[in-house]
Amino acid sequence: MRTLVIVDVQNDFLPGGSLPVPGSDAIIPVINGLMRRFDLVVAAQDWHPQSHRSFASNHPGRKPFEETEFHGLAQTLWPDHCVQGSHGAQFSSALDPGPIEAIFRKGTDPQIDSYSAFFDNGHRKATGLAAYLRGRGAKDLYLCGLAGDICVYFTALDAIEEGFDVHFIVDAATPLDPAAHATRLQALRDRGAIVLESRGL
Ligand SMILES: [Zn+2]
């Protein structure tokens, strides 16, 4: 069976949001077209308290996109985004919600960021996604969403570690930093992931 994992297709990561990925709205029709061709569709949702430490606004004198460190982990400071219950945290209204069977929220702990849909960045707490997928008999995962070089990438890394067969749908996962994205896609290939386009899926 084939499972589509949609990562963070939320208003704040789309044009007009607080942390927009340029051109990212182009992936929504691609994802909508793919969903009904999969046996199972799940989604991840970035879901931060306003007090989240990844927000530059919670560090007086710091600016968004500066680099810092939390508990020995490198951390980029971000603009406030995907605050629990806000419009920016909602999935795009253009995304077809019908086929999505389960939603896994991440980034809820104010003390640690969570790029991957499986674990926080320190691998301290699981979101439950891996157990859910195993319970459903999922093995082949097809990943898409935002941003391709951050949350989709780290979801892919954890999926490989968790023993899933990972397919990264490159035209349905827009990166924030295209140069970093190329390096990261190669890192995924080197770990055995398949990087492919949506055409023909
Ligand atoms: Zn976030």
# chains A, B, ... in the order shown; residues from 1 in each chain; ligands from 1
$ residues_near_ligand --ligand "ligand 1" --cutoff "7 Å" --atoms "only C-alpha atoms and all ligand atoms" --output "VMD selection string"
chain A and resid 46 48 81 to 82 107 113 to 115
$ select_by_dssp --residues "region 12-128 of chain A" --states "strand (DSSP E or B)" --output "number ranges by chain"
A: 40-46, 48, 55, 67-70, 73-76, 78, 83, 91, 102-106, 119, 126
$ closest_atom_pairs --of "region 8-117 of chain A" --to "region 178-196 of chain A" --cutoff "12 Å" --atoms "only C-alpha atoms" --output "CSV"
residue,atom,partner,partner_atom,distance
A:Val21,CA,A:Pro178,CA,10.5
A:Pro22,CA,A:Pro178,CA,10.3
A:Gly23,CA,A:Pro178,CA,11.7
$ closest_residue --among "A:Asp158, A:Glu197, A:Asp109, A:Asp96" --to "Ile6 (chain A)" --atoms "only C-alpha atoms"
A:Asp96
$ closest_atom_pairs --of "region 69-93 of chain A" --to "region 50-60 of chain A" --cutoff "7 Å" --atoms "only C-alpha atoms" --output "Markdown table"
| residue | atom | partner | partner_atom | distance |
| --- | --- | --- | --- | --- |
| A:Thr76 | CA | A:Ser54 | CA | 6.9 |
| A:Leu77 | CA | A:Ala56 | CA | 4.9 |
| A:Trp78 | CA | A:Phe55 | CA | 4.9 |
| A:Pro79 | CA | A:Phe55 | CA | 5.6 |
| A:Asp80 | CA | A:Phe55 | CA | 5.2 |
| A:Val83 | CA | A:Gln50 | CA | 5.8 |
$ write_last_selection --atoms "C-alpha atoms" --output "CSV table (one decimal), in the first residue's frame"
chain,number,residue,atom,x,y,z
A,76,THR,CA,17.1,29.1,13.6
A,77,LEU,CA,14.9,31.8,15.1
A,78,TRP,CA,11.8,32.1,13.1
A,79,PRO,CA,9.0,34.7,12.7
A,80,ASP,CA,6.0,33.8,14.8
A,83,VAL,CA,0.3,29.7,16.4
$ select_by_dssp --residues "region 57-180 of chain A" --states "helix (DSSP H, G or I)" --output "MDAnalysis selection string"
chainID A and resid 57:58 87:89 129:135 151:161 170:172 178:180
